[in-house]
$ cat entry.csv   # CSV, N, CA and C atoms
chain,number,residue,atom,x,y,z
A,1,MET,N,-10.9,8.4,41.3
A,1,MET,CA,-10.9,7.8,40.0
A,1,MET,C,-9.5,7.4,39.6
A,2,ASN,N,-9.3,6.1,39.3
A,2,ASN,CA,-8.0,5.7,39.0
A,2,ASN,C,-7.6,6.1,37.6
A,3,LEU,N,-6.3,5.8,37.2
A,3,LEU,CA,-5.7,6.2,36.0
A,3,LEU,C,-6.4,5.6,34.8
A,4,ILE,N,-6.6,4.3,34.9
A,4,ILE,CA,-7.2,3.5,33.7
A,4,ILE,C,-8.6,4.0,33.4
A,5,THR,N,-9.4,4.3,34.4
A,5,THR,CA,-10.8,4.8,34.2
A,5,THR,C,-10.7,6.2,33.5
A,6,MET,N,-9.8,7.0,34.0
A,6,MET,CA,-9.7,8.3,33.4
A,6,MET,C,-9.2,8.3,32.0
A,7,MET,N,-8.3,7.4,31.7
A,7,MET,CA,-7.8,7.2,30.3
A,7,MET,C,-8.9,6.7,29.4
A,8,LEU,N,-9.7,5.8,29.9
A,8,LEU,CA,-10.8,5.2,29.1
A,8,LEU,C,-11.9,6.3,28.8
A,9,LEU,N,-12.1,7.1,29.8
A,9,LEU,CA,-13.1,8.2,29.7
A,9,LEU,C,-12.6,9.2,28.7
A,10,ILE,N,-11.4,9.6,28.7
A,10,ILE,CA,-10.8,10.6,27.8
A,10,ILE,C,-10.8,10.1,26.4
A,11,THR,N,-10.4,8.8,26.2
A,11,THR,CA,-10.4,8.3,24.8
A,11,THR,C,-11.7,8.1,24.3
A,12,THR,N,-12.7,7.7,25.1
A,12,THR,CA,-14.1,7.5,24.6
A,12,THR,C,-14.7,8.8,24.2
A,13,THR,N,-14.5,9.8,25.1
A,13,THR,CA,-15.0,11.2,24.8
A,13,THR,C,-14.4,11.8,23.5
A,14,LEU,N,-13.1,11.6,23.4
A,14,LEU,CA,-12.4,12.1,22.2
A,14,LEU,C,-12.8,11.4,20.9
A,15,SER,N,-13.0,10.1,21.0
A,15,SER,CA,-13.5,9.3,19.8
A,15,SER,C,-14.9,9.8,19.4
A,16,VAL,N,-15.8,9.9,20.4
A,16,VAL,CA,-17.2,10.3,20.1
A,16,VAL,C,-17.2,11.7,19.5
A,17,LEU,N,-16.4,12.6,20.1
A,17,LEU,CA,-16.3,14.0,19.6
A,17,LEU,C,-15.8,14.1,18.2
A,18,LEU,N,-14.7,13.3,17.9
A,18,LEU,CA,-14.2,13.3,16.6
A,18,LEU,C,-15.1,12.7,15.6
A,19,ALA,N,-15.9,11.7,15.9
A,19,ALA,CA,-16.8,11.1,15.0
A,19,ALA,C,-18.0,12.0,14.7
A,20,LEU,N,-18.4,12.7,15.7
A,20,LEU,CA,-19.5,13.7,15.5
A,20,LEU,C,-19.0,14.9,14.6
A,21,ILE,N,-17.8,15.3,14.8
A,21,ILE,CA,-17.3,16.4,14.0
A,21,ILE,C,-17.1,16.0,12.6
A,22,SER,N,-16.7,14.7,12.4
A,22,SER,CA,-16.5,14.3,11.0
A,22,SER,C,-17.8,14.2,10.2
A,23,PHE,N,-18.9,14.1,10.9
A,23,PHE,CA,-20.2,14.1,10.2
A,23,PHE,C,-20.7,15.5,9.8
A,24,TRP,N,-20.3,16.5,10.7
A,24,TRP,CA,-20.8,17.8,10.4
A,24,TRP,C,-19.8,18.6,9.6
A,25,LEU,N,-18.5,18.3,9.6
A,25,LEU,CA,-17.5,19.1,9.0
A,25,LEU,C,-17.5,19.1,7.4
A,26,PRO,N,-17.6,17.9,6.8
A,26,PRO,CA,-17.4,17.9,5.3
A,26,PRO,C,-18.5,18.6,4.6
A,27,GLN,N,-18.2,19.1,3.5
A,27,GLN,CA,-19.2,19.8,2.6
A,27,GLN,C,-19.8,18.8,1.7
A,28,MET,N,-21.0,18.6,1.8
A,28,MET,CA,-21.7,17.6,0.9
A,28,MET,C,-22.3,18.3,-0.3
A,29,THR,N,-21.5,18.6,-1.3
A,29,THR,CA,-22.0,19.2,-2.5
A,29,THR,C,-21.7,18.3,-3.7
A,30,PRO,N,-22.6,17.3,-3.9
A,30,PRO,CA,-22.3,16.4,-5.0
A,30,PRO,C,-22.4,17.0,-6.4
A,31,ASP,N,-21.5,16.7,-7.3
A,31,ASP,CA,-21.6,17.1,-8.7
A,31,ASP,C,-21.4,15.9,-9.6
A,32,SER,N,-21.4,16.1,-10.8
A,32,SER,CA,-21.3,15.0,-11.8
A,32,SER,C,-20.0,14.2,-11.6
A,33,GLU,N,-18.9,14.9,-11.3
A,33,GLU,CA,-17.7,14.2,-11.2
A,33,GLU,C,-17.6,13.3,-10.0
A,34,LYS,N,-18.2,13.7,-8.9
A,34,LYS,CA,-18.2,12.9,-7.6
A,34,LYS,C,-19.2,11.8,-7.7
A,35,LEU,N,-20.3,11.9,-8.5
A,35,LEU,CA,-21.3,10.9,-8.6
A,35,LEU,C,-21.0,9.8,-9.6
A,36,SER,N,-20.0,10.1,-10.5
A,36,SER,CA,-19.7,9.1,-11.6
A,36,SER,C,-18.8,8.0,-11.0
A,37,ALA,N,-18.9,6.9,-11.6
A,37,ALA,CA,-18.1,5.7,-11.2
A,37,ALA,C,-16.7,5.9,-11.6
A,38,TYR,N,-15.7,5.6,-10.8
A,38,TYR,CA,-14.3,5.7,-11.1
A,38,TYR,C,-13.8,4.3,-11.5
A,39,GLU,N,-13.3,4.2,-12.7
A,39,GLU,CA,-12.8,3.0,-13.3
A,39,GLU,C,-11.4,3.1,-13.7
A,40,CYS,N,-10.5,3.4,-12.8
A,40,CYS,CA,-9.0,3.5,-13.1
A,40,CYS,C,-8.7,4.5,-14.3
A,41,GLY,N,-9.4,5.6,-14.3
A,41,GLY,CA,-9.2,6.6,-15.3
A,41,GLY,C,-9.9,6.3,-16.6
A,42,PHE,N,-10.6,5.2,-16.8
A,42,PHE,CA,-11.3,5.0,-18.0
A,42,PHE,C,-12.7,5.6,-17.9
A,43,ASP,N,-13.3,6.0,-19.0
A,43,ASP,CA,-14.6,6.5,-19.1
A,43,ASP,C,-15.6,5.3,-18.9
A,44,PRO,N,-16.4,5.3,-17.9
A,44,PRO,CA,-17.2,4.1,-17.7
A,44,PRO,C,-18.4,4.1,-18.6
A,45,LEU,N,-18.7,5.2,-19.3
A,45,LEU,CA,-19.8,5.2,-20.2
A,45,LEU,C,-19.4,5.0,-21.7
A,46,GLY,N,-18.1,5.0,-21.9
A,46,GLY,CA,-17.6,4.9,-23.3
A,46,GLY,C,-17.5,3.4,-23.7
A,47,SER,N,-16.8,3.2,-24.7
A,47,SER,CA,-16.6,1.8,-25.3
A,47,SER,C,-15.7,1.0,-24.3
A,48,ALA,N,-16.1,-0.3,-24.2
A,48,ALA,CA,-15.3,-1.2,-23.3
A,48,ALA,C,-14.1,-1.8,-24.1
A,49,ARG,N,-14.0,-1.5,-25.4
A,49,ARG,CA,-12.9,-2.0,-26.2
A,49,ARG,C,-11.7,-1.1,-26.4
A,50,LEU,N,-11.6,-0.1,-25.6
A,50,LEU,CA,-10.4,0.8,-25.7
A,50,LEU,C,-9.1,0.1,-25.3
A,51,PRO,N,-8.1,0.3,-26.0
A,51,PRO,CA,-6.8,-0.3,-25.6
A,51,PRO,C,-6.2,0.4,-24.4
A,52,PHE,N,-5.6,-0.4,-23.6
A,52,PHE,CA,-4.9,0.2,-22.4
A,52,PHE,C,-3.5,-0.3,-22.3
A,53,SER,N,-2.7,0.4,-21.5
A,53,SER,CA,-1.3,0.0,-21.4
A,53,SER,C,-1.1,-1.1,-20.4
A,54,LEU,N,-0.4,-2.1,-20.7
A,54,LEU,CA,-0.1,-3.2,-19.8
A,54,LEU,C,1.0,-2.7,-18.9
A,55,ARG,N,1.7,-1.7,-19.2
A,55,ARG,CA,2.8,-1.2,-18.4
A,55,ARG,C,2.3,-0.7,-17.1
A,56,PHE,N,1.1,-0.1,-17.1
A,56,PHE,CA,0.5,0.4,-15.9
A,56,PHE,C,0.3,-0.8,-14.9
A,57,PHE,N,-0.1,-1.9,-15.4
A,57,PHE,CA,-0.4,-3.1,-14.5
A,57,PHE,C,0.9,-3.7,-14.1
A,58,LEU,N,2.0,-3.7,-14.9
A,58,LEU,CA,3.3,-4.2,-14.6
A,58,LEU,C,3.9,-3.4,-13.4
A,59,VAL,N,3.8,-2.0,-13.5
A,59,VAL,CA,4.3,-1.2,-12.4
A,59,VAL,C,3.5,-1.4,-11.2
A,60,ALA,N,2.2,-1.6,-11.3
A,60,ALA,CA,1.4,-1.8,-10.1
A,60,ALA,C,1.7,-3.1,-9.4
A,61,ILE,N,2.0,-4.2,-10.2
A,61,ILE,CA,2.4,-5.5,-9.6
A,61,ILE,C,3.7,-5.4,-9.0
A,62,LEU,N,4.7,-4.6,-9.6
A,62,LEU,CA,6.0,-4.5,-9.0
A,62,LEU,C,5.9,-3.7,-7.7
A,63,PHE,N,5.0,-2.7,-7.7
A,63,PHE,CA,4.8,-1.9,-6.4
A,63,PHE,C,4.3,-2.9,-5.3
A,64,LEU,N,3.3,-3.7,-5.7
A,64,LEU,CA,2.7,-4.6,-4.7
A,64,LEU,C,3.7,-5.6,-4.2
A,65,LEU,N,4.6,-6.1,-5.1
A,65,LEU,CA,5.6,-7.0,-4.8
A,65,LEU,C,6.6,-6.4,-3.8
A,66,PHE,N,7.1,-5.2,-4.0
A,66,PHE,CA,8.0,-4.6,-3.1
A,66,PHE,C,7.4,-4.1,-1.9
A,67,ASP,N,6.1,-3.8,-1.9
A,67,ASP,CA,5.4,-3.4,-0.7
A,67,ASP,C,5.2,-4.6,0.2
A,68,LEU,N,5.0,-5.8,-0.4
A,68,LEU,CA,4.9,-7.0,0.3
A,68,LEU,C,6.2,-7.4,0.9
A,69,GLU,N,7.3,-7.1,0.2
A,69,GLU,CA,8.6,-7.4,0.7
A,69,GLU,C,8.9,-6.6,1.9
A,70,ILE,N,8.5,-5.3,1.9
A,70,ILE,CA,8.7,-4.5,3.1
A,70,ILE,C,7.9,-5.0,4.3
A,71,ALA,N,6.7,-5.4,4.0
A,71,ALA,CA,5.9,-6.0,5.1
A,71,ALA,C,6.5,-7.3,5.7
A,72,LEU,N,7.1,-8.1,4.8
A,72,LEU,CA,7.7,-9.3,5.3
A,72,LEU,C,9.0,-9.0,6.1
A,73,LEU,N,9.7,-8.0,5.7
A,73,LEU,CA,11.0,-7.7,6.3
A,73,LEU,C,10.9,-6.8,7.5
A,74,LEU,N,9.7,-6.3,7.8
A,74,LEU,CA,9.5,-5.3,8.9
A,74,LEU,C,9.8,-5.9,10.2
A,75,PRO,N,9.5,-7.2,10.5
A,75,PRO,CA,9.9,-7.7,11.8
A,75,PRO,C,11.3,-8.2,11.9
A,76,LEU,N,12.1,-8.0,10.9
A,76,LEU,CA,13.5,-8.5,10.9
A,76,LEU,C,14.4,-7.9,12.0
A,77,PRO,N,14.3,-6.7,12.4
A,77,PRO,CA,15.1,-6.2,13.6
A,77,PRO,C,14.9,-7.0,14.8
A,78,TRP,N,13.7,-7.6,15.0
A,78,TRP,CA,13.5,-8.4,16.2
A,78,TRP,C,14.0,-9.9,16.0
A,79,GLY,N,14.5,-10.2,14.8
A,79,GLY,CA,15.0,-11.5,14.6
A,79,GLY,C,16.2,-11.9,15.3
A,80,ASN,N,16.9,-10.9,15.9
A,80,ASN,CA,18.1,-11.3,16.6
A,80,ASN,C,17.8,-11.8,18.0
A,81,GLN,N,16.5,-11.8,18.4
A,81,GLN,CA,16.1,-12.3,19.7
A,81,GLN,C,15.7,-13.8,19.6
A,82,LEU,N,15.7,-14.3,18.4
A,82,LEU,CA,15.3,-15.7,18.2
A,82,LEU,C,16.4,-16.6,18.5
A,83,LEU,N,16.1,-17.9,18.5
A,83,LEU,CA,17.1,-18.9,18.9
A,83,LEU,C,18.2,-19.0,17.8
A,84,SER,N,17.9,-18.8,16.6
A,84,SER,CA,18.9,-18.8,15.5
A,84,SER,C,18.7,-17.6,14.6
A,85,PRO,N,19.3,-16.5,15.0
A,85,PRO,CA,19.1,-15.3,14.3
A,85,PRO,C,19.8,-15.3,12.9
A,86,LEU,N,20.9,-16.1,12.8
A,86,LEU,CA,21.6,-16.2,11.5
A,86,LEU,C,20.7,-16.8,10.4
A,87,THR,N,19.9,-17.8,10.8
A,87,THR,CA,18.9,-18.4,9.8
A,87,THR,C,17.9,-17.4,9.4
A,88,THR,N,17.4,-16.6,10.3
A,88,THR,CA,16.4,-15.5,9.9
A,88,THR,C,17.0,-14.5,9.0
A,89,PHE,N,18.2,-14.1,9.3
A,89,PHE,CA,18.8,-13.1,8.5
A,89,PHE,C,19.2,-13.6,7.1
A,90,SER,N,19.6,-14.9,7.1
A,90,SER,CA,20.0,-15.5,5.8
A,90,SER,C,18.8,-15.7,4.9
A,91,TRP,N,17.6,-16.1,5.4
A,91,TRP,CA,16.4,-16.2,4.6
A,91,TRP,C,16.0,-14.8,4.1
A,92,ALA,N,16.1,-13.8,5.0
A,92,ALA,CA,15.7,-12.4,4.6
A,92,ALA,C,16.6,-11.9,3.5
A,93,SER,N,17.9,-12.3,3.6
A,93,SER,CA,18.9,-11.9,2.6
A,93,SER,C,18.6,-12.6,1.2
A,94,ILE,N,18.3,-13.8,1.3
A,94,ILE,CA,17.9,-14.6,0.1
A,94,ILE,C,16.7,-14.0,-0.6
A,95,LEU,N,15.7,-13.6,0.2
A,95,LEU,CA,14.5,-12.9,-0.4
A,95,LEU,C,14.9,-11.6,-1.0
A,96,LEU,N,15.7,-10.8,-0.4
A,96,LEU,CA,16.1,-9.5,-0.9
A,96,LEU,C,16.9,-9.7,-2.2
A,97,ILE,N,17.8,-10.7,-2.2
A,97,ILE,CA,18.6,-10.9,-3.4
A,97,ILE,C,17.8,-11.3,-4.6
A,98,LEU,N,16.8,-12.3,-4.4
A,98,LEU,CA,16.0,-12.7,-5.4
A,98,LEU,C,15.1,-11.6,-6.0
A,99,LEU,N,14.5,-10.8,-5.1
A,99,LEU,CA,13.7,-9.7,-5.6
A,99,LEU,C,14.5,-8.6,-6.3
A,100,THR,N,15.8,-8.4,-5.8
A,100,THR,CA,16.6,-7.4,-6.5
A,100,THR,C,17.1,-7.9,-7.9
A,101,ILE,N,17.4,-9.2,-8.0
A,101,ILE,CA,17.7,-9.7,-9.3
A,101,ILE,C,16.6,-9.6,-10.3
A,102,GLY,N,15.4,-9.9,-9.8
A,102,GLY,CA,14.2,-9.8,-10.7
A,102,GLY,C,13.9,-8.4,-11.1
A,103,PHE,N,14.1,-7.4,-10.2
A,103,PHE,CA,13.9,-6.0,-10.5
A,103,PHE,C,14.9,-5.5,-11.5
A,104,ILE,N,16.2,-5.9,-11.3
A,104,ILE,CA,17.2,-5.6,-12.3
A,104,ILE,C,17.0,-6.2,-13.7
A,105,TYR,N,16.5,-7.4,-13.7
A,105,TYR,CA,16.2,-8.0,-15.0
A,105,TYR,C,15.0,-7.3,-15.7
A,106,GLU,N,14.0,-6.9,-14.9
A,106,GLU,CA,12.9,-6.2,-15.5
A,106,GLU,C,13.3,-4.8,-16.0
A,107,TRP,N,14.2,-4.2,-15.3
A,107,TRP,CA,14.7,-2.9,-15.7
A,107,TRP,C,15.5,-3.0,-17.0
A,108,LEU,N,16.4,-4.0,-17.0
A,108,LEU,CA,17.3,-4.2,-18.2
A,108,LEU,C,16.4,-4.6,-19.5
A,109,GLN,N,15.3,-5.3,-19.3
A,109,GLN,CA,14.5,-5.7,-20.4
A,109,GLN,C,13.6,-4.5,-20.9
A,110,GLY,N,13.6,-3.4,-20.1
A,110,GLY,CA,12.8,-2.2,-20.5
A,110,GLY,C,11.4,-2.3,-20.1
A,111,GLY,N,11.1,-3.1,-19.2
A,111,GLY,CA,9.7,-3.3,-18.7
A,111,GLY,C,9.2,-2.1,-17.9
A,112,LEU,N,10.1,-1.2,-17.5
A,112,LEU,CA,9.7,-0.1,-16.7
A,112,LEU,C,9.6,1.2,-17.5
A,113,GLU,N,9.9,1.1,-18.8
A,113,GLU,CA,9.8,2.3,-19.6
A,113,GLU,C,8.4,2.6,-20.0
A,114,TRP,N,8.0,3.8,-19.9
A,114,TRP,CA,6.6,4.2,-20.3
A,114,TRP,C,6.5,4.4,-21.8
A,115,ALA,N,7.5,5.0,-22.4
A,115,ALA,CA,7.4,5.2,-23.8
A,115,ALA,C,8.0,4.0,-24.6
A,116,GLU,N,7.4,3.7,-25.7
A,116,GLU,CA,7.9,2.5,-26.5
A,116,GLU,C,8.7,3.0,-27.6
$ encode --input "entry.csv" --output "structure tokens"
Amino acid sequence: MNLITMMLLITTTLSVLLALISFWLPQMTPDSEKLSAYECGFDPLGSARLPFSLRFFLVAILFLLFDLEIALLLPLPWGNQLLSPLTTFSWASILLILLTIGFIYEWLQGGLEWAE
């Protein structure tokens, strides 16, 4: 038996074994909290006209923006293997500078303060 066949057999066996264990292992005891719909912390059965804080959504958008920035900058270390690595690094630096300026502006305007 060659190495590739043995590796495929081991990975397939391990995957099937873990899938079967994951069906038997969890405790299935539903209660009212688990069965209720989750709506970002709001009571789904109450009034739909309750006020909510826009700051929560601002922080969530900032998180997504900087999370996207990390995803875009992740391949940057391999940029030095391109034909013009200076161009890659300069575009990445421009992106970082713009996002940092926007973050500082938001911070100075008090957009990240929870208490008003």
$ residues_around --input "entry.csv" --residues "range 81-98 of chain A" --least-positions-apart "4" --cutoff "10 Å" --atoms "only C-alpha atoms" --output "tab-separated table (two decimals) with N, CA and C atoms, keeping the file's coordinate frame"
chain	number	residue	atom	x	y	z
A	66	PHE	N	7.10	-5.20	-4.00
A	66	PHE	CA	8.00	-4.60	-3.10
A	66	PHE	C	7.40	-4.10	-1.90
A	69	GLU	N	7.30	-7.10	0.20
A	69	GLU	CA	8.60	-7.40	0.70
A	69	GLU	C	8.90	-6.60	1.90
A	70	ILE	N	8.50	-5.30	1.90
A	70	ILE	CA	8.70	-4.50	3.10
A	70	ILE	C	7.90	-5.00	4.30
A	72	LEU	N	7.10	-8.10	4.80
A	72	LEU	CA	7.70	-9.30	5.30
A	72	LEU	C	9.00	-9.00	6.10
A	73	LEU	N	9.70	-8.00	5.70
A	73	LEU	CA	11.00	-7.70	6.30
A	73	LEU	C	10.90	-6.80	7.50
A	76	LEU	N	12.10	-8.00	10.90
A	76	LEU	CA	13.50	-8.50	10.90
A	76	LEU	C	14.40	-7.90	12.00
A	77	PRO	N	14.30	-6.70	12.40
A	77	PRO	CA	15.10	-6.20	13.60
A	77	PRO	C	14.90	-7.00	14.80
A	102	GLY	N	15.40	-9.90	-9.80
A	102	GLY	CA	14.20	-9.80	-10.70
A	102	GLY	C	13.90	-8.40	-11.10
A	103	PHE	N	14.10	-7.40	-10.20
A	103	PHE	CA	13.90	-6.00	-10.50
A	103	PHE	C	14.90	-5.50	-11.50
A	104	ILE	N	16.20	-5.90	-11.30
A	104	ILE	CA	17.20	-5.60	-12.30
A	104	ILE	C	17.00	-6.20	-13.70
$ closest_residue --input "entry.csv" --among "A:Ala71, A:Val59, A:Ile4, A:Thr11" --to "Leu112 in chain A" --atoms "only N, CA and C atoms"
A:Val59
$ atom_distance --input "entry.csv" --atom1 "atom N of Glu113 in chain A" --atom2 "CA of Ile61 in chain A"
13.6 Å
$ atom_distance --input "entry.csv" --atom1 "CA of Val16 in chain A" --atom2 "atom N of Asp31 in chain A"
28.5 Å
$ atom_distance --input "entry.csv" --atom1 "CA of Thr29 in chain A" --atom2 "CA of Leu14 in chain A"
27.4 Å
$ closest_residue --input "entry.csv" --among "A:Phe23, A:Asn80, A:Met1, A:Gly111" --to "Arg55 in chain A" --atoms "only N, CA and C atoms"
A:Gly111
